[in-house]
Structure formats: C-alpha cells, structure tokens
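This report refers to the structure that appears directly beneath it.
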Amino acid sequence: MKLIDLRSDTVTKPTPAMRRAMMEAEVGDDVYGEDPTVNRLQDVAAEIFEKEAALFVPTGSMGNQIAVKLHTKPGAEVVIEERGHIYNYEMAAMSAISGALARPVKSADGSGILQWGDIKAAIHANDAPYYVAPTKLIALENSHNLAGGAVMTRERTEELCAQAHRLNIPVHLDGARIFNAAVALDEPIAALARPADSVMFCFSKGLGAPVGSMLLGTKDFINEARAWRKLLGGGMRQAGVLAAAALVALEESPARLIEDHTNARRLAEGLAEIQGIEVDLERVVTNIVIFDVAETNLDANDICAGLRERGVLASAFDQRRIRMVTHYDVLQKEIDDALAELRSVLEEQRPKTVNSAFH
Ligand SMILES: Cc1ncc(COP(=O)(O)O)c(C=O)c1O
C-alpha cells in the first residue's frame, strides 16, 4: 500500500530527472570552492534572488543560524514572531551558537504575519536604556510554516525592512518556502527577497530536491558565512551531486507548486465540512493546512495514530492541532482518500453517546 504522507513537504523523493542529473553531475571539492555544479547553483540562486552572493548549505537550520550568528553578538536580542521556526524548531541554536536571546512577539491580528506595530514595541533600539539587551536582528518567515503557510506580501516585507533599517537593525528572511509564497502572491521571488539583508531558502521542501538550502546576502556576508559553515561542520566535498538535483528543482518545481496549493485548498475545504473540525479557510493560501480537532473531543495524537493505521501520515502539534502538507508526491485523488480515511477514524474513535449502564 502506498502511504499518503502529508506530514511535510520534506518527504518528497528525488524525481527521475533529479536522479539523472545527480548521476551525471560534474563535481569537485567544494571546500576548495572547486565544485562547478555547486558554483553554478549559487550563481543561479543569486541571480533569481537578486542578491550579490549565495552559499549552498546542508540544511535550512544551518543557513538560518549562520545568518543569526553574523547579524548578532552575544547578549543581543532577535525579534521574531512567536511561532517562528528559528525560535521554536532549531534546538535553541541562537542561544547555543550565537549567545542571542529570542524576543518572541505575537501578531496582533493572529495571522502570524507581523505588522510594524507588533515589532516596534519589542525593539530595544539605540536609545533604549543601557541595561536592556539591544535588538540586533529581526527574523521574518515567508511563508510562515506554523501559521499555516501564511504569506507576507511584498508591501509588508518592504515596510518592515524599511522601518528596521531606519533603526539600523538588519532583517533576515527565513524563506524555507519562499517559492510557495511567491506563487501564492503572484510576485517574483526577488520582490519578496530584495528588502531583506539576508535570505535562506530550502531546496528540500516544496521544490522536491533531496538535500540542501541556500543562504544569500552581500559578498562580504557570504564570505563570512562560508567560514561559519565550515566551523559548524557544513563544508561538503563533492556536493555537486546534491547541487545537481537542486538545479533541476529550481528549474522544474516552481511552476507546479500551484498544484500543491490547489490540493491544500481542496483538503481544507473537505476538512471544513467534517463535524468537529475547525479550519480557517481564508488562511489556507499555500501548501500547509493546520486544523483544530478540539470539538471532536478526541486527541489529535490519537487521530494521527488512527490515520497511520489506515496509511495516512499527518503531524499532531499538540492535543488539538494537526498539520497536513501537500507536495508533488500527493495526488488530488489521495487528498480525497485521506479525507475519507479521516472521516472513518473519527467515526471509529468518537465516544459512543449510549450510556452502557442501562445494558
Ligand atoms: C520555515 C522553516 N524554516 C527552516 C526550516 C529548517 O530546514 P531544515 O529542516 O533543512 O533544517 C524549516 C524546516 O522544516 C522550516 O519549515
């Protein structure tokens, strides 16, 4: 039985074209800067993002944390939306590696997409008293994973970055899924990336490559980043085999992300029809669907366990919230199948209303 794996878009397997490109890749030692395929990938990415330079890194987390390291100093604060990946899912690396403290903030409208008012109140700028930690970085995320794939518009990105720069605070953009955001907003990638000082994006998520992410910024920033990548153990040798798959991903995948978004929409609409499930349809604009099962009176973990027995994989965040993510290994029919399986699991697990004491 083929599993319907909706846990994440990281689970995709390389396409036949990627595997061919990996097999035929021209390679060299990238620690010496001599891997032609890695060099080409970095050049192509820098061009798409309209940044001076780019650095291929093994993971998104490493790209984000190198950026945090370079923008901050020990004892500094990083303002970030409270559900941000850099803060919640990167092993407290900003404190372990950079000695920095996250200053999580809520988005006033609950969307996960910050407004300047949300950020402003949390900033300790140059005129703050000496005994508070200075804000050295604002970290944004587009699309925002834990906020259900919500997207930040070009205008909002420009405004937040302009305000930050007025206070001499740099902005790092965690664009793990920036291609999804660009498709949903119908904007060029560069328009969403340009205002930020540094950007990270992943090949290994919706773009479907097996491994790798990219960090982008100025030439000086990327030169320093290369040293930090090595220090963290991320200097890879014949990494061209990975870069070759990433090049195919860049070329082929963005055009088909719209299918993932359509499937996520179909999934969300199906979920909204199931009694006890709450999903905010307005917020489902990319490939992530987060829904609340509290009204079913069942535990999200139990529901996911039941789904797994029926060949459907999903992630429970806590007792009430489940995340499902669409990607190219999930077809429209499988979305319908997953919905049918979920209905069966709920039927099976729903507490029986009949009082057994009378029997
Ligand atoms: C928004 C976001 N940023 C960063 C990362 C980290 O990427 P990686 O798993 O490659 O370290 C992820 C991974 O899920 C993510 O969702």
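We label chains A, B, ... in the order they appear in the structure tokens, count residues from 1 in each chain, and number ligands from 1 in the order shown.
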Expected selection as a PyMOL selection string for ligand 1 within 10 Å, only C-alpha atoms and all ligand atoms: chain A and resi 8-10+57-65+83-90+140-147+149+173-178+200-205+211-214
Identify which of the residues A:Ala54, A:Val27, A:Leu298, A:Ala272 lies closest to A:Lys219, counting only C-alpha atoms when measuring atom-to-atom distances.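 Using only C-alpha atoms, the shortest distance to A:Lys219 belongs to A:Ala54.
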d(atom CA of A:Gly33, atom CA of A:Ala239) in Å: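 According to the coordinates, atom CA of A:Gly33 and atom CA of A:Ala239 are separated by 10.5 Å.
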Excluding stretch 1-5 of chain A and its own-chain neighbours fewer than 2 positions away, which residues fall within 8 Å of it when counting only C-alpha atoms? Please give them as a ChimeraX atom specification. /A:7-8,11,311-314,330,334,338
Write out, as a short mmCIF file (atom, residue, chain, number, x, y, z; two decimals), in the first residue's frame, the residues just selected, with N, CA and C atoms.
data_model
loop_
_atom_site.label_atom_id
_atom_site.label_comp_id
_atom_site.auth_asym_id
_atom_site.auth_seq_id
_atom_site.Cartn_x
_atom_site.Cartn_y
_atom_site.Cartn_z
N ARG A 7 2.81 14.56 6.22
CA ARG A 7 3.49 15.13 7.39
C ARG A 7 4.23 16.42 7.03
N SER A 8 4.87 16.41 5.87
CA SER A 8 5.65 17.59 5.48
C SER A 8 5.98 17.50 4.00
N VAL A 11 9.27 15.26 2.68
CA VAL A 11 9.31 13.80 2.48
C VAL A 11 9.41 13.39 1.01
N GLY A 311 -2.89 4.17 6.63
CA GLY A 311 -1.98 4.55 5.55
C GLY A 311 -1.89 6.03 5.26
N VAL A 312 -2.37 6.87 6.21
CA VAL A 312 -2.28 8.32 6.01
C VAL A 312 -1.42 8.90 7.13
N LEU A 313 -0.38 9.64 6.77
CA LEU A 313 0.50 10.22 7.78
C LEU A 313 0.25 11.72 7.89
N ALA A 314 0.08 12.18 9.14
CA ALA A 314 -0.11 13.61 9.41
C ALA A 314 0.62 13.92 10.72
N VAL A 330 1.86 13.78 -3.59
CA VAL A 330 0.45 13.55 -3.20
C VAL A 330 -0.46 14.03 -4.34
N GLU A 334 -5.53 11.32 -3.83
CA GLU A 334 -5.07 10.93 -2.49
C GLU A 334 -5.55 11.91 -1.42
N ALA A 338 -7.49 10.62 1.70
CA ALA A 338 -7.09 10.99 3.07
C ALA A 338 -8.30 11.52 3.85
#
Surrounding residues of A:Lys136 excluding itself and chain neighbours under 4 positions, 6 Å, only C-alpha atoms, as number ranges by chain: A: 72, 76-77, 169
Using N, CA and C atoms, can you export the residues from the last selection as a compact mmCIF listing (two decimals), in the first residue's frame?
# COMPACT_ATOMS: atom_id res chain seq x y z
N THR A 72 24.30 39.15 14.72
CA THR A 72 24.17 39.46 16.15
C THR A 72 25.52 39.37 16.86
N ALA A 76 22.71 39.79 22.52
CA ALA A 76 21.78 40.56 21.69
C ALA A 76 20.41 39.88 21.66
N GLU A 77 19.41 40.63 21.24
CA GLU A 77 18.07 40.04 21.08
C GLU A 77 17.68 39.96 19.60
N ILE A 169 18.70 48.19 12.17
CA ILE A 169 18.55 46.78 12.53
C ILE A 169 18.38 45.97 11.24
Output as a ChimeraX atom specification all residues of stretch 152-189 of chain A that backbone DSSP marks as helix (DSSP H, G or I). /A:154-166,178-185,189
Wanna dump the stretch 120-184 of chain A-stretch 258-264 of chain A contacts at 12 Å for me, each residue with its shortest atom pair and the distance in Å to one decimal, counting only C-alpha atoms, ordered by chain and number, as CSV?
residue,atom,partner,partner_atom,distance
A:Gly148,CA,A:Ala264,CA,10.6
A:Gly149,CA,A:His261,CA,10.1
A:Ala150,CA,A:His261,CA,11.9
A:Phe179,CA,A:Ile258,CA,10.2
A:Asn180,CA,A:Ile258,CA,8.0
A:Ala181,CA,A:His261,CA,10.3
A:Ala182,CA,A:Ile258,CA,10.4
A:Val183,CA,A:Ile258,CA,6.8
A:Ala184,CA,A:Ile258,CA,7.7
Shell of 9 Å around A:Thr218, only C-alpha atoms, local chain residues under 6 positions omitted, as an mmCIF file with C-alpha atoms, in the first residue's frame:
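Produced file part.cif, reproduced below:
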data_model
loop_
_atom_site.group_PDB
_atom_site.id
_atom_site.type_symbol
_atom_site.label_atom_id
_atom_site.label_comp_id
_atom_site.auth_asym_id
_atom_site.auth_seq_id
_atom_site.Cartn_x
_atom_site.Cartn_y
_atom_site.Cartn_z
ATOM 1 C CA LYS A 51 21.497 39.181 -4.174
ATOM 2 C CA GLU A 52 25.270 39.648 -4.550
ATOM 3 C CA ALA A 53 26.209 36.149 -3.456
ATOM 4 C CA ALA A 54 24.883 32.786 -2.302
ATOM 5 C CA ASP A 197 19.561 41.785 4.301
ATOM 6 C CA SER A 198 19.878 38.022 4.174
#
Wanna dump the stretch 147-214 of chain A-stretch 118-124 of chain A contacts at 12 Å for me, each residue with its shortest atom pair and the distance in Å to one decimal, counting only C-alpha atoms, ordered by chain and number, as CSV?
residue,atom,partner,partner_atom,distance
A:Glu159,CA,A:Ile119,CA,11.8
A:Leu160,CA,A:Ile119,CA,8.6
A:Cys161,CA,A:Ile119,CA,11.1
A:Gln163,CA,A:Lys120,CA,8.9
A:Ala164,CA,A:Lys120,CA,8.9
A:Arg166,CA,A:Lys120,CA,11.8
A:Leu167,CA,A:Ile123,CA,9.5
A:Asn168,CA,A:His124,CA,11.5
A:Ile169,CA,A:Ile123,CA,9.5
A:Val171,CA,A:Ile119,CA,11.9
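Pairwise distance (atom CA of A:Ile222, atom CA of A:Pro195) equals 16.9 Å.
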Please give the complete set of residues from stretch 173-328 of chain A that DSSP, run on the backbone, assigns to strand (DSSP E), formatted as a PyMOL selection string. chain A and resi 173-174+198-202+213-217+288-292+312-313+315-316+321-325
Just how far from atom CA of A:Glu24 is atom CA of A:Leu257, in Å to one decimal? 26.1 Å
Using only C-alpha atoms, which of A:Pro188, A:Val284, A:Val105, A:Ala193 sits nearest A:Arg156?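 Answer, going by the shortest atom-to-atom distance: A:Ala193.
Distance check against A:Phe56 using only C-alpha atoms: of A:Pro104, A:Pro351, A:Gly240, A:Gly276, the minimum falls on A:Gly240.
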Out of A:Ile138, A:Leu342, A:Asp292, A:Ala93, which residue has the shortest atom-to-atom distance to A:Asp318 when counting only C-alpha atoms?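 Result for the nearest residue to A:Asp318: A:Asp292.
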Quick one: everything within 8 Å of A:Gln238, counting only C-alpha atoms, minus sequence neighbours fewer than 6 positions away in the same chain. Send it as a ChimeraX atom specification. /A:27-30,35
Those selected residues, please, written with N, CA and C atoms and delivered as a short mmCIF file (atom, residue, chain, number, x, y, z; two decimals), in the first residue's frame.
data_model
loop_
_atom_site.label_atom_id
_atom_site.label_comp_id
_atom_site.auth_asym_id
_atom_site.auth_seq_id
_atom_site.Cartn_x
_atom_site.Cartn_y
_atom_site.Cartn_z
N VAL A 27 31.63 17.26 -10.68
CA VAL A 27 31.89 17.62 -9.28
C VAL A 27 33.36 17.99 -9.05
N GLY A 28 33.61 18.63 -7.92
CA GLY A 28 34.95 18.97 -7.46
C GLY A 28 34.88 19.12 -5.95
N ASP A 29 35.95 19.60 -5.34
CA ASP A 29 35.94 19.74 -3.88
C ASP A 29 35.42 21.13 -3.52
N ASP A 30 34.22 21.18 -2.98
CA ASP A 30 33.58 22.47 -2.71
C ASP A 30 34.24 23.22 -1.56
N ASP A 35 33.79 23.00 -6.87
CA ASP A 35 32.72 22.16 -7.42
C ASP A 35 31.93 22.99 -8.42
#
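Nearest residue to A:Asn39, choosing from A:Gly208, A:Ala243, A:Glu224, A:Ser344 and counting only C-alpha atoms: A:Ala243.
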